[in-house]
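**Student:** Here you go, this is structure36.cif (mmCIF, C-alpha atoms and all ligand atoms).
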data_start
loop_
_atom_site.label_atom_id
_atom_site.label_comp_id
_atom_site.auth_asym_id
_atom_site.auth_seq_id
_atom_site.Cartn_x
_atom_site.Cartn_y
_atom_site.Cartn_z
CA MET A 1 90.50 51.56 201.22
CA THR A 2 93.02 52.05 204.00
CA VAL A 3 93.32 49.23 206.47
CA ASP A 4 95.76 48.32 209.23
CA VAL A 5 96.29 44.69 208.40
CA SER A 6 95.50 42.16 205.67
CA VAL A 7 95.15 38.44 206.28
CA ILE A 8 95.68 36.04 203.37
CA GLY A 9 94.28 32.54 203.98
CA LEU A 10 91.16 31.87 206.02
CA GLY A 11 91.56 28.29 207.17
CA PRO A 12 90.81 27.72 210.86
CA MET A 13 94.03 29.52 211.85
CA GLY A 14 93.83 32.43 209.39
CA SER A 15 90.18 33.02 210.38
CA ALA A 16 91.18 33.13 214.06
CA LEU A 17 94.04 35.55 213.32
CA ALA A 18 91.78 37.85 211.29
CA GLY A 19 89.07 37.60 213.96
CA ALA A 20 91.54 38.75 216.63
CA PHE A 21 92.59 41.77 214.54
CA VAL A 22 88.94 42.71 213.95
CA ALA A 23 88.09 42.25 217.65
CA ALA A 24 91.02 44.50 218.63
CA GLY A 25 89.65 47.27 216.40
CA HIS A 26 92.16 46.99 213.53
CA ARG A 27 90.75 47.65 210.11
CA THR A 28 91.22 44.24 208.57
CA CYS A 29 91.17 43.12 204.96
CA VAL A 30 90.90 39.39 204.24
CA TRP A 31 91.27 37.10 201.25
CA ASN A 32 90.75 33.36 200.78
CA ARG A 33 91.03 31.26 197.62
CA THR A 34 87.70 29.48 198.13
CA PRO A 35 84.83 31.95 198.41
CA GLY A 36 82.52 32.01 201.42
CA LYS A 37 85.13 31.66 204.17
CA ALA A 38 85.25 35.42 204.72
CA ASP A 39 81.51 35.81 205.38
CA ALA A 40 81.62 35.52 209.19
CA LEU A 41 84.53 37.97 209.37
CA VAL A 42 82.83 40.45 207.02
CA ALA A 43 79.76 40.29 209.29
CA LYS A 44 82.03 41.42 212.14
CA GLY A 45 83.51 44.32 210.18
CA ALA A 46 86.34 42.93 208.02
CA ALA A 47 86.63 43.93 204.36
CA GLU A 48 86.94 41.16 201.78
CA ALA A 49 89.45 41.60 198.97
CA ALA A 50 88.56 40.23 195.54
CA SER A 51 92.14 38.96 194.97
CA PRO A 52 95.33 38.43 196.96
CA GLY A 53 96.82 41.42 195.11
CA GLU A 54 94.00 43.62 196.39
CA ALA A 55 94.61 42.32 199.93
CA VAL A 56 98.34 43.15 199.68
CA ALA A 57 97.60 46.62 198.31
CA ALA A 58 95.17 47.32 201.16
CA SER A 59 97.60 47.26 204.10
CA PRO A 60 101.17 48.01 205.15
CA LEU A 61 101.09 44.79 207.22
CA VAL A 62 100.21 41.54 205.43
CA VAL A 63 99.77 38.36 207.47
CA VAL A 64 99.81 35.06 205.56
CA SER A 65 98.38 31.80 206.92
CA LEU A 66 98.21 29.09 204.25
CA SER A 67 98.62 25.33 204.51
CA THR A 68 102.21 25.16 203.16
CA TYR A 69 105.09 27.34 201.92
CA GLU A 70 104.42 25.99 198.44
CA ALA A 71 100.95 27.56 198.67
CA VAL A 72 102.52 30.81 199.97
CA GLN A 73 104.84 30.93 196.96
CA GLU A 74 102.01 30.12 194.54
CA VAL A 75 99.89 32.97 195.93
CA LEU A 76 102.59 35.60 196.55
CA ARG A 77 105.08 35.20 193.68
CA PRO A 78 102.75 36.79 191.08
CA LEU A 79 102.38 39.77 193.46
CA ALA A 80 106.11 40.54 193.79
CA GLY A 81 105.73 44.03 192.29
CA GLY A 82 103.23 45.09 194.94
CA LEU A 83 105.16 44.05 198.03
CA ALA A 84 107.78 46.82 198.19
CA GLY A 85 107.60 48.83 201.40
CA ARG A 86 105.19 46.42 203.11
CA THR A 87 105.83 44.06 205.98
CA LEU A 88 105.00 40.45 205.25
CA VAL A 89 104.39 38.21 208.27
CA ASN A 90 104.28 34.55 207.27
CA LEU A 91 102.60 32.42 209.96
CA THR A 92 102.47 29.33 207.75
CA SER A 93 104.24 26.30 209.25
CA GLY A 94 107.10 24.83 207.23
CA PRO A 95 110.73 23.68 207.15
CA PRO A 96 113.68 26.04 207.93
CA PRO A 97 115.16 26.11 204.38
CA LEU A 98 111.86 27.30 202.90
CA ALA A 99 111.60 30.03 205.56
CA ARG A 100 115.07 31.32 204.55
CA GLU A 101 114.23 31.04 200.84
CA THR A 102 110.99 33.00 201.30
CA ALA A 103 112.84 35.65 203.35
CA GLY A 104 115.42 36.07 200.56
CA TRP A 105 112.69 36.38 197.94
CA ALA A 106 110.77 38.97 200.01
CA LEU A 107 113.96 41.01 200.44
CA GLU A 108 114.41 41.07 196.65
CA CYS A 109 110.82 42.37 196.39
CA GLY A 110 111.64 45.21 198.82
CA ALA A 111 109.39 43.85 201.57
CA ALA A 112 110.33 43.47 205.22
CA TYR A 113 109.80 39.79 206.06
CA LEU A 114 109.00 38.23 209.41
CA ASP A 115 108.66 34.49 209.61
CA GLY A 116 106.63 33.14 212.49
CA VAL A 117 104.96 30.17 214.09
CA VAL A 118 101.80 30.01 216.14
CA LEU A 119 102.18 27.85 219.24
CA THR A 120 98.51 27.24 219.88
CA THR A 121 95.35 26.06 218.17
CA PRO A 122 92.91 28.58 216.63
CA SER A 123 90.85 28.81 219.84
CA GLY A 124 93.97 30.02 221.70
CA ILE A 125 94.49 33.04 219.41
CA GLY A 126 94.10 36.28 221.38
CA ASP A 127 95.04 34.60 224.66
CA GLN A 128 98.21 36.11 226.13
CA ARG A 129 99.20 32.79 227.77
CA PHE A 130 100.11 31.44 224.32
CA LEU A 131 103.18 32.38 222.29
CA GLN A 132 103.83 33.29 218.71
CA LEU A 133 107.50 33.17 217.69
CA TYR A 134 108.94 35.63 215.15
CA ALA A 135 112.25 36.18 213.37
CA GLY A 136 113.50 38.61 210.76
CA PRO A 137 114.74 42.21 210.73
CA PRO A 138 114.54 43.52 214.33
CA GLU A 139 113.14 46.88 213.21
CA ALA A 140 110.28 45.16 211.35
CA PHE A 141 109.34 43.24 214.49
CA ALA A 142 109.64 46.31 216.71
CA GLY A 143 107.47 48.31 214.31
CA HIS A 144 104.62 45.79 214.36
CA ARG A 145 104.99 44.22 217.79
CA ALA A 146 101.98 46.03 219.23
CA THR A 147 99.69 44.91 216.38
CA LEU A 148 100.94 41.31 216.54
CA ALA A 149 100.39 41.30 220.32
CA VAL A 150 96.62 41.04 219.80
CA LEU A 151 97.23 37.45 218.62
CA GLY A 152 99.01 36.35 221.83
CA ASP A 153 102.41 36.91 223.40
CA PRO A 154 104.86 37.75 220.57
CA VAL A 155 108.42 36.49 221.16
CA TYR A 156 111.27 37.68 218.93
CA LEU A 157 114.01 35.07 218.31
CA GLY A 158 116.51 36.85 216.05
CA ALA A 159 117.28 37.85 212.47
CA ASP A 160 117.44 34.36 210.88
CA ALA A 161 113.99 33.65 209.40
CA ALA A 162 114.44 29.90 209.97
CA LEU A 163 114.48 30.19 213.78
CA PRO A 164 110.70 29.94 214.42
CA SER A 165 110.52 26.72 212.42
CA VAL A 166 113.54 25.27 214.27
CA TYR A 167 112.03 26.19 217.66
CA ASP A 168 108.61 24.86 216.61
CA THR A 169 109.91 21.32 216.06
CA ALA A 170 112.03 21.40 219.23
CA LEU A 171 109.16 22.68 221.36
CA LEU A 172 106.85 19.97 220.00
CA CYS A 173 109.46 17.36 220.99
CA GLN A 174 109.39 18.81 224.51
CA LEU A 175 105.57 18.83 224.51
CA TRP A 176 105.29 15.18 223.49
CA ALA A 177 107.99 14.06 225.93
CA ALA A 178 106.33 15.94 228.82
CA LEU A 179 102.82 14.78 227.96
CA THR A 180 103.90 11.15 227.51
CA GLY A 181 105.66 11.27 230.90
CA TRP A 182 102.54 12.75 232.45
CA LEU A 183 100.31 10.08 230.82
CA HIS A 184 102.60 7.33 232.09
CA SER A 185 102.34 8.82 235.60
CA VAL A 186 98.57 9.14 235.36
CA VAL A 187 98.27 5.42 234.48
CA LEU A 188 100.68 4.52 237.29
CA VAL A 189 98.82 6.41 240.04
CA GLY A 190 95.49 5.38 238.54
CA ALA A 191 96.42 1.74 239.13
CA ASP A 192 97.10 2.36 242.83
CA GLY A 193 95.29 3.39 245.98
CA PRO A 194 92.07 2.44 247.73
CA GLY A 195 88.89 2.45 245.65
CA GLY A 196 90.56 2.12 242.26
CA GLY A 197 93.42 4.56 242.28
CA VAL A 198 94.06 8.28 242.06
CA THR A 199 92.21 10.22 239.36
CA ALA A 200 94.14 12.13 236.71
CA THR A 201 92.63 15.36 238.06
CA GLU A 202 93.80 14.71 241.63
CA TYR A 203 97.28 13.68 240.50
CA THR A 204 97.63 16.71 238.23
CA LYS A 205 97.15 19.14 241.15
CA VAL A 206 100.50 17.88 242.52
CA ALA A 207 102.09 17.29 239.09
CA ASP A 208 101.42 20.92 238.22
CA ARG A 209 103.45 22.07 241.26
CA TRP A 210 106.20 19.56 240.32
CA MET A 211 106.70 21.42 237.02
CA ASP A 212 108.33 24.21 239.07
CA THR A 213 111.03 21.70 240.08
CA VAL A 214 111.40 20.51 236.48
CA ARG A 215 111.81 24.17 235.42
CA HIS A 216 114.50 24.63 238.09
CA PHE A 217 116.45 21.61 236.73
CA MET A 218 116.12 22.88 233.15
CA GLY A 219 117.61 26.25 234.12
CA THR A 220 120.55 24.66 235.95
CA TYR A 221 121.19 22.05 233.27
CA ALA A 222 120.96 24.54 230.38
CA ARG A 223 123.99 26.32 231.82
CA GLN A 224 125.79 22.96 232.22
CA VAL A 225 125.03 21.90 228.62
CA ASP A 226 126.31 25.23 227.27
CA ALA A 227 129.46 24.96 229.40
CA GLY A 228 130.03 21.24 228.59
CA ARG A 229 130.52 20.50 232.31
CA TYR A 230 128.04 18.48 234.37
CA PRO A 231 128.69 18.61 238.13
CA ALA A 232 125.99 16.57 239.91
CA GLU A 233 126.15 18.01 243.40
CA GLU A 234 123.28 16.08 245.08
CA PHE A 235 121.59 14.01 242.36
CA PRO A 236 124.15 12.02 240.29
CA LEU A 237 123.35 9.69 237.40
CA ASP A 238 124.04 6.58 239.55
CA LEU A 239 121.18 7.63 241.83
CA HIS A 240 118.93 8.38 238.84
CA ARG A 241 119.64 4.87 237.49
CA MET A 242 118.68 3.19 240.78
CA THR A 243 115.47 5.23 241.03
CA MET A 244 114.59 4.45 237.42
CA ALA A 245 114.74 0.73 238.30
CA VAL A 246 111.98 1.40 240.87
CA LEU A 247 109.85 3.07 238.17
CA SER A 248 110.37 0.20 235.70
CA HIS A 249 109.47 -2.37 238.37
CA ALA A 250 106.39 -0.42 239.50
CA SER A 251 105.28 -0.07 235.87
CA GLU A 252 105.71 -3.79 235.15
CA LEU A 253 103.80 -4.76 238.33
CA ARG A 254 100.85 -2.59 237.32
CA GLY A 255 100.81 -3.65 233.68
CA VAL A 256 101.89 -0.19 232.48
CA ASP A 257 103.75 0.08 229.14
CA THR A 258 107.49 0.23 229.91
CA GLY A 259 108.68 1.90 226.67
CA LEU A 260 109.24 5.29 228.26
CA PRO A 261 111.21 4.13 231.34
CA GLU A 262 113.26 1.88 229.05
CA LEU A 263 114.20 4.89 226.91
CA PHE A 264 115.68 6.98 229.69
CA THR A 265 117.06 3.95 231.56
CA SER A 266 119.03 2.90 228.48
CA LEU A 267 120.48 6.42 227.99
CA THR A 268 121.44 6.59 231.67
CA ALA A 269 122.96 3.08 231.63
CA ARG A 270 125.15 4.03 228.63
CA ALA A 271 126.39 7.11 230.48
CA THR A 272 127.14 5.29 233.75
CA ALA A 273 128.84 2.43 231.83
CA ALA A 274 131.06 5.07 230.21
CA GLY A 275 132.11 6.25 233.70
CA TYR A 276 129.84 9.26 234.16
CA GLY A 277 127.82 7.97 237.14
CA ASP A 278 128.91 10.90 239.33
CA ASP A 279 127.74 13.50 236.79
CA SER A 280 124.38 15.26 236.64
CA TYR A 281 121.47 14.27 234.40
CA ALA A 282 122.61 16.94 231.92
CA ARG A 283 125.51 14.62 230.90
CA LEU A 284 122.91 12.59 228.94
CA VAL A 285 122.90 15.33 226.30
CA GLU A 286 126.08 13.75 224.93
CA PHE A 287 124.26 10.43 224.53
CA VAL A 288 121.17 12.02 222.97
CA ARG A 289 123.46 13.72 220.43
CA ALA A 290 123.98 11.57 217.37
CA LYS A 291 126.51 12.40 214.67
CA PRO A 292 124.85 14.61 212.01
CA ARG A 293 124.68 12.98 208.59
CA PRO A 294 126.49 15.21 206.08
CA ASP A 295 124.26 13.92 203.26
CA ALA A 296 120.98 14.49 205.16
CA VAL A 297 118.38 16.57 203.28
CA PHE A 298 114.96 17.68 204.42
CA VAL A 299 112.17 15.47 203.07
CA ARG A 300 108.61 16.53 203.78
CA PRO A 301 106.97 13.69 205.76
N1 LIG B 401 95.12 24.79 212.96
C1 LIG B 401 96.02 24.73 213.91
O1 LIG B 401 95.77 24.26 215.03
C2 LIG B 401 97.40 25.28 213.66
C3 LIG B 401 98.27 25.46 214.76
C4 LIG B 401 99.54 26.00 214.53
C5 LIG B 401 99.93 26.30 213.23
N2 LIG B 401 99.07 26.08 212.20
C6 LIG B 401 99.54 26.39 210.84
O2 LIG B 401 98.76 27.45 210.31
C7 LIG B 401 98.66 27.32 208.88
C8 LIG B 401 97.17 27.38 208.50
O3 LIG B 401 96.52 26.31 209.12
P1 LIG B 401 94.94 26.10 209.13
O4 LIG B 401 94.63 25.26 210.31
O5 LIG B 401 94.24 27.39 208.98
O6 LIG B 401 94.54 25.20 207.88
P2 LIG B 401 95.29 24.64 206.63
O7 LIG B 401 94.47 23.59 206.07
O8 LIG B 401 96.67 24.25 206.95
O9 LIG B 401 95.29 25.93 205.64
C9 LIG B 401 94.19 26.18 204.91
C10 LIG B 401 94.31 27.47 204.13
O10 LIG B 401 95.33 27.38 203.12
C11 LIG B 401 94.70 27.77 201.87
N3 LIG B 401 95.42 27.20 200.74
C12 LIG B 401 96.01 25.98 200.65
N4 LIG B 401 96.60 25.83 199.45
C13 LIG B 401 96.40 26.97 198.78
C14 LIG B 401 96.78 27.45 197.49
N5 LIG B 401 97.51 26.68 196.67
N6 LIG B 401 96.38 28.68 197.13
C15 LIG B 401 95.67 29.46 197.95
N7 LIG B 401 95.26 29.09 199.18
C16 LIG B 401 95.63 27.86 199.59
C17 LIG B 401 93.29 27.29 202.02
O11 LIG B 401 92.46 27.90 201.08
P3 LIG B 401 91.06 27.20 200.63
O12 LIG B 401 90.06 27.55 201.70
O13 LIG B 401 90.76 27.79 199.33
O14 LIG B 401 91.32 25.71 200.56
C18 LIG B 401 93.00 27.77 203.45
O15 LIG B 401 92.79 29.15 203.49
C19 LIG B 401 99.32 25.97 208.54
O16 LIG B 401 100.63 26.18 208.08
C20 LIG B 401 99.33 25.23 209.86
O17 LIG B 401 100.38 24.29 209.95
C21 LIG B 401 97.81 25.59 212.38
#
Spit out the file's structure as structure tokens when you get a sec.
**Tutor:**
Amino acid sequence: MTVDVSVIGLGPMGSALAGAFVAAGHRTCVWNRTPGKADALVAKGAAEAASPGEAVAASPLVVVSLSTYEAVQEVLRPLAGGLAGRTLVNLTSGPPPLARETAGWALECGAAYLDGVVLTTPSGIGDQRFLQLYAGPPEAFAGHRATLAVLGDPVYLGADAALPSVYDTALLCQLWAALTGWLHSVVLVGADGPGGGVTATEYTKVADRWMDTVRHFMGTYARQVDAGRYPAEEFPLDLHRMTMAVLSHASELRGVDTGLPELFTSLTARATAAGYGDDSYARLVEFVRAKPRPDAVFVRP
């Protein structure tokens, strides 16, 4: 059997990945530990392998989507002899050290290894608005970019296999911060206005446009953070601090939780107390930065 791609692991994500390959016309071979999960895919044209070894042997491109890296190692290590010359794409989420360890092991097996993360839920697979992040040998990514593009928008980060995992955690931090800010705003505007306040839907029409301004600040401040210089021009930290006091007061008056305004007010107050009131908001990066602990080790939560 000659197939274009094999998918190992048919949880919700692996099933969506395999479904996208089948829908795009790739000959797709699938394997899952627990029987029965391949049935819907087989009905659509996928082939089911009887073992993970058979799935690896079936394709030059092997995509793995299991719950953890420990599961990846348990499934793949016995297959080391069959991996030479193939490209292994591991879309299992996990910590950076395990991504590097798996990359080193795959290299020893003679496989090209791309580590990746999926930045959407299974229903978003196949939608070009959503990203998948990849890292590993550039030629391996270039060789399979077109196939991987059926899953979403593939973004290559660099050679270090740990990069997708590092970005994944950072991007989730940004997601939670942005969504919590938006939720705070929704509660604030919902508490105001005639007839019971502004709905979340109405507010979000304007908030969506506001994200263009946020994006503009991020671009400007990224350059300042990298340069270690924070000229404020028109919007210095002193002005931010005064405006934050308005937000805290408005939140208190409306019975809105003040935890979020307190967080950025305290960072800003530390910076202005240290004499940086004329600097831009980007100066806060130095107050967000804590000293790294030399003895810190990754512990799975
Ligand atoms: N679902 C999402 O929204 C989402 C989004 C982004 C990233 N991800 C990542 O994608 C990966 C897959 O996620 P998922 O949602 O599909 O479900 P999951 O529960 O994380 O993974 C389930 C899959 O892992 C298999 N598995 C677990 N341990 C195994 C072992 N020791 N040997 C063989 N197979 C094993 C399961 O097989 P059985 O069926 O036999 O149990 C099943 O195929 C995860 O790393 C997850 O973090 C998921």
**Student:** How far is it from CA of Ser248 (chain A) to CA of Pro261 (chain A), in Å with one decimal?
**Tutor:**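 CA of Pro261 (chain A) lies at a distance of 5.9 Å from CA of Ser248 (chain A).
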**Student:** Could you list the protein, DNA and RNA residues that have any atom within 8 Å of ligand LIG 401 (chain B), counting all atoms listed in the file, and write them as a PyMOL selection string?
**Tutor:** chain A and resi 8-15+32-35+37+65-72+74-75+91-94+117-122
**Student:** Please report the interatomic distance between CA of His144 (chain A) and CA of Arg27 (chain A) in Å with one decimal.
**Tutor:**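 Straight-line distance from CA of His144 (chain A) to CA of Arg27 (chain A) works out to 14.6 Å.
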**Student:** Counting all atoms listed in the file, figure out which residue out of A:Ala282, A:Ala47, A:Ala99, A:Val30 gets nearest to Pro236 (chain A).
**Tutor:**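 Under the stated criterion, the closest residue is A:Ala282.
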**Student:** Point out the residue among A:Ala23, A:Leu247, A:Met211, A:Leu267 with the least atom-to-atom distance to Gly126 (chain A), counting all atoms listed in the file.
**Tutor:**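 Among the listed residues, the smallest separation from Gly126 (chain A) belongs to A:Ala23.
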**Student:** Write out as a VMD selection string the residues lying within 8 Å of region 199-201 of chain A, counting only C-alpha atoms and excluding same-chain residues fewer than 3 positions away.
**Tutor:** chain A and resid 186 189 to 190 204 to 205
**Student:** Could you write out the selected residues, including C-alpha atoms, as an mmCIF file, in the coordinates of the input?
**Tutor:**
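Written file, part14.cif:
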data_model
loop_
_atom_site.group_PDB
_atom_site.id
_atom_site.type_symbol
_atom_site.label_atom_id
_atom_site.label_comp_id
_atom_site.auth_asym_id
_atom_site.auth_seq_id
_atom_site.Cartn_x
_atom_site.Cartn_y
_atom_site.Cartn_z
ATOM 1 C CA VAL A 186 98.570 9.140 235.360
ATOM 2 C CA VAL A 189 98.820 6.410 240.040
ATOM 3 C CA GLY A 190 95.490 5.380 238.540
ATOM 4 C CA THR A 204 97.630 16.710 238.230
ATOM 5 C CA LYS A 205 97.150 19.140 241.150
#
**Student:** Suppose you want the space between CA of Leu114 (chain A) and CA of Gly136 (chain A); what is it in Å?
**Tutor:**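 So the answer is 4.7 Å.
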**Student:** Counting all atoms listed in the file, I want the residues whose atoms come within 9 Å of (109.3, 34.2, 215.2) in the file frame, returned as a list in words.
**Tutor:**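 Looking at atoms near the point gives Leu91, Leu114, Asp115, Gly116, Val117, Val118, Gln132, Leu133, Tyr134, Ala135, Gly136, Pro154, Val155, Tyr156, Leu157, Gly158, Ala161, Ala162, Leu163, Pro164, Ser165 and Tyr167 of chain A.
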**Student:** Within 10 Å of Gln73 (chain A), counting all atoms listed in the file, which residues qualify if same-chain residues fewer than 4 places away don't, as a PyMOL selection string?
**Tutor:** chain A and resi 68-69+77-79+98+102+105
**Student:** Mind checking which residues fall within 9 Å of region 148-150 of chain A, counting only C-alpha atoms, ignoring those fewer than 5 positions away in the same chain, and posting them as a VMD selection string?
**Tutor:** chain A and resid 17 20 to 21 23 to 24 125 to 128 132 141
**Student:** Show me, as a PyMOL selection string, the residues that have an atom within 12 Å of Ala271 (chain A) when counting all atoms listed in the file, minus same-chain residues fewer than 4 positions from it.
**Tutor:** chain A and resi 236-238+240-241+264-267+275-288
**Student:** Find the residue from A:Gly181, A:Leu175, A:Thr243, A:Ala191 that sits nearest to Gly259 (chain A); use all atoms listed in the file when measuring.
**Tutor:** A:Gly181
